[in-house]
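A.B. asks: Structure in structure tokens, see below.
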Amino acid sequence: MALSTVFRRASSAVATIAFRAARSPVSFRSGAVSAERLVLGSQLGRGSVSSFSFSRFSTESAITKTTADENLISVIESEIECAVAEEAPLDNSILEDKPEGFPFEIIDNPGERTVLLKRQFEDETIQVEVDSAASYDDEEEGEEAEANDEADDGDQESLGKFRIPMVVSVAKSDGVCLEFGVSAYPDEIVIDSLSIKQPQESDNELAYEGPDFEDLDENLQKAFHRYLEIRGIKPSFTNFLSDYVANKDSREYLQWLKDLKSFVEK
């Protein structure tokens, strides 16, 4: 519709209303009131529909959220039941399985990923940070892997590939320490790295940490393995540690699930 036509129609409507008002003031007032009521009713009607739509949307959203949360809680509870069934509870039976001559105090703080082993050896303080996220190495390939699979015969002998990452610190009274990155296997201890830590060193300094351990002279490597062995880092302790960290990992996972459930239920 052309804009001029709209203006003409509007002008005509105004003229008509003015003419009717002049002839019958009462009728005009009555018509104006009726028109006002019509407009107001239309506005109220639109407002009611809008309010109803928002209310229905809010209700549906609340129902959806509640349903999703209840479903999540149900799944978490099911997982908790499985974790409880599979968990070997930490009791005296595990600690009683410590190998003879195990020299370390075990410091196990709930909520932490690592277990700390600590001891005094003459004038040295020895700390071993054991990562509970132990793993199985799958580096064997070809005929060697097949031979091991046949030897394992499907049982737990595959524990021979079980690896526990550790950081061993040997500190002197002046604060200087040797820090070893170690992989512990049931049949051997592998030194992955070696560095000297000075107490006055800043984290921002790029200190020389020596060559890769595997690049050291073979006799020097053997001497360092012996150095750790007499301080208590022995492969004979690995099976005990593997059981302990597996138990800790189960306990931490169970607590994590409980914390999740508690959060969702709030």
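Going by the structure tokens order, chains are called A, B, ..., each with residues numbered from 1, while ligands are numbered from 1 in the order shown.
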Val170 (chain A): which residues within 7 Å, counting only C-alpha atoms, same-chain residues fewer than 3 positions away excluded, as a list in words?

C.D. replies: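 Neighbouring residues, sequence-local ones excluded: Glu124, Thr125, Ile126, Gln127, Cys177, Leu178 and Glu179 of chain A.
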
A.B. asks: Restricted to N, CA and C atoms, what would the selected residues look like written as a PDB file, in the first residue's frame?

C.D. replies:
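Produced file result-v2.pdb, reproduced below:
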```
ATOM      1  N   GLU A 124      71.852 -38.373  55.509  1.00  0.00           N
ATOM      2  CA  GLU A 124      71.043 -38.035  54.339  1.00  0.00           C
ATOM      3  C   GLU A 124      69.546 -38.197  54.639  1.00  0.00           C
ATOM      4  N   THR A 125      68.758 -37.343  54.012  1.00  0.00           N
ATOM      5  CA  THR A 125      67.304 -37.481  54.041  1.00  0.00           C
ATOM      6  C   THR A 125      66.860 -37.964  52.665  1.00  0.00           C
ATOM      7  N   ILE A 126      66.214 -39.116  52.669  1.00  0.00           N
ATOM      8  CA  ILE A 126      65.811 -39.719  51.396  1.00  0.00           C
ATOM      9  C   ILE A 126      64.288 -39.673  51.297  1.00  0.00           C
ATOM     10  N   GLN A 127      63.811 -39.121  50.205  1.00  0.00           N
ATOM     11  CA  GLN A 127      62.372 -39.067  49.938  1.00  0.00           C
ATOM     12  C   GLN A 127      62.095 -39.660  48.554  1.00  0.00           C
ATOM     13  N   CYS A 177      70.918 -31.740  46.919  1.00  0.00           N
ATOM     14  CA  CYS A 177      70.409 -33.104  46.755  1.00  0.00           C
ATOM     15  C   CYS A 177      70.601 -33.609  45.329  1.00  0.00           C
ATOM     16  N   LEU A 178      70.651 -34.914  45.234  1.00  0.00           N
ATOM     17  CA  LEU A 178      70.589 -35.579  43.941  1.00  0.00           C
ATOM     18  C   LEU A 178      69.133 -35.981  43.707  1.00  0.00           C
ATOM     19  N   GLU A 179      68.652 -35.722  42.516  1.00  0.00           N
ATOM     20  CA  GLU A 179      67.269 -36.074  42.188  1.00  0.00           C
ATOM     21  C   GLU A 179      67.272 -37.036  41.009  1.00  0.00           C
TER      22      GLU A 179
END
```

A.B. asks: Of the candidates A:Glu214, A:Asp187, A:Glu252, A:Glu209, which one gets nearest to Pro235 (chain A) if we count only C-alpha atoms?

C.D. replies: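 Closest residue, counting only C-alpha atoms: A:Asp187.
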
A.B. asks: Any idea what's packed within 12 Å of Ser169 (chain A), counting only C-alpha atoms, ignoring anything in its chain fewer than 2 positions away? Could you give it as a PyMOL selection string?

C.D. replies: chain A and resi 116-120+124-130+166-167+171-172+175-182+193-197+228+231+233

A.B. asks: When distances are computed from only C-alpha atoms, which of A:Ile191, A:Ile230, A:Leu216, A:Val115 shows the smallest separation from Ala246 (chain A)?

C.D. replies: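 Closest residue, counting only C-alpha atoms: A:Val115.
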
A.B. asks: What is the distance, in Å and to one decimal place, between CA of Leu260 (chain A) and CA of Glu81 (chain A)?

C.D. replies: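 Interatomic distance here is 14.2 Å.
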
A.B. asks: Using CA of Gly111 (chain A) and CA of Ala133 (chain A) as the two end points, give the distance in Å to one decimal.

C.D. replies: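 Between CA of Gly111 (chain A) and CA of Ala133 (chain A) the gap is 13.4 Å.
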
A.B. asks: Take CA of Asp259 (chain A) and CA of Pro110 (chain A) and report the distance between them in Å, one decimal.

C.D. replies: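 One can read the CA of Asp259 (chain A) to CA of Pro110 (chain A) distance as 13.1 Å.
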
A.B. asks: Would you list the contacts of Arg226 (chain A) as a ChimeraX atom specification, taking every protein, DNA or RNA residue within 12 Å and counting only C-alpha atoms, but skipping same-chain residues closer than 6 positions in sequence?

C.D. replies: /A:188-191,219-220,232-235
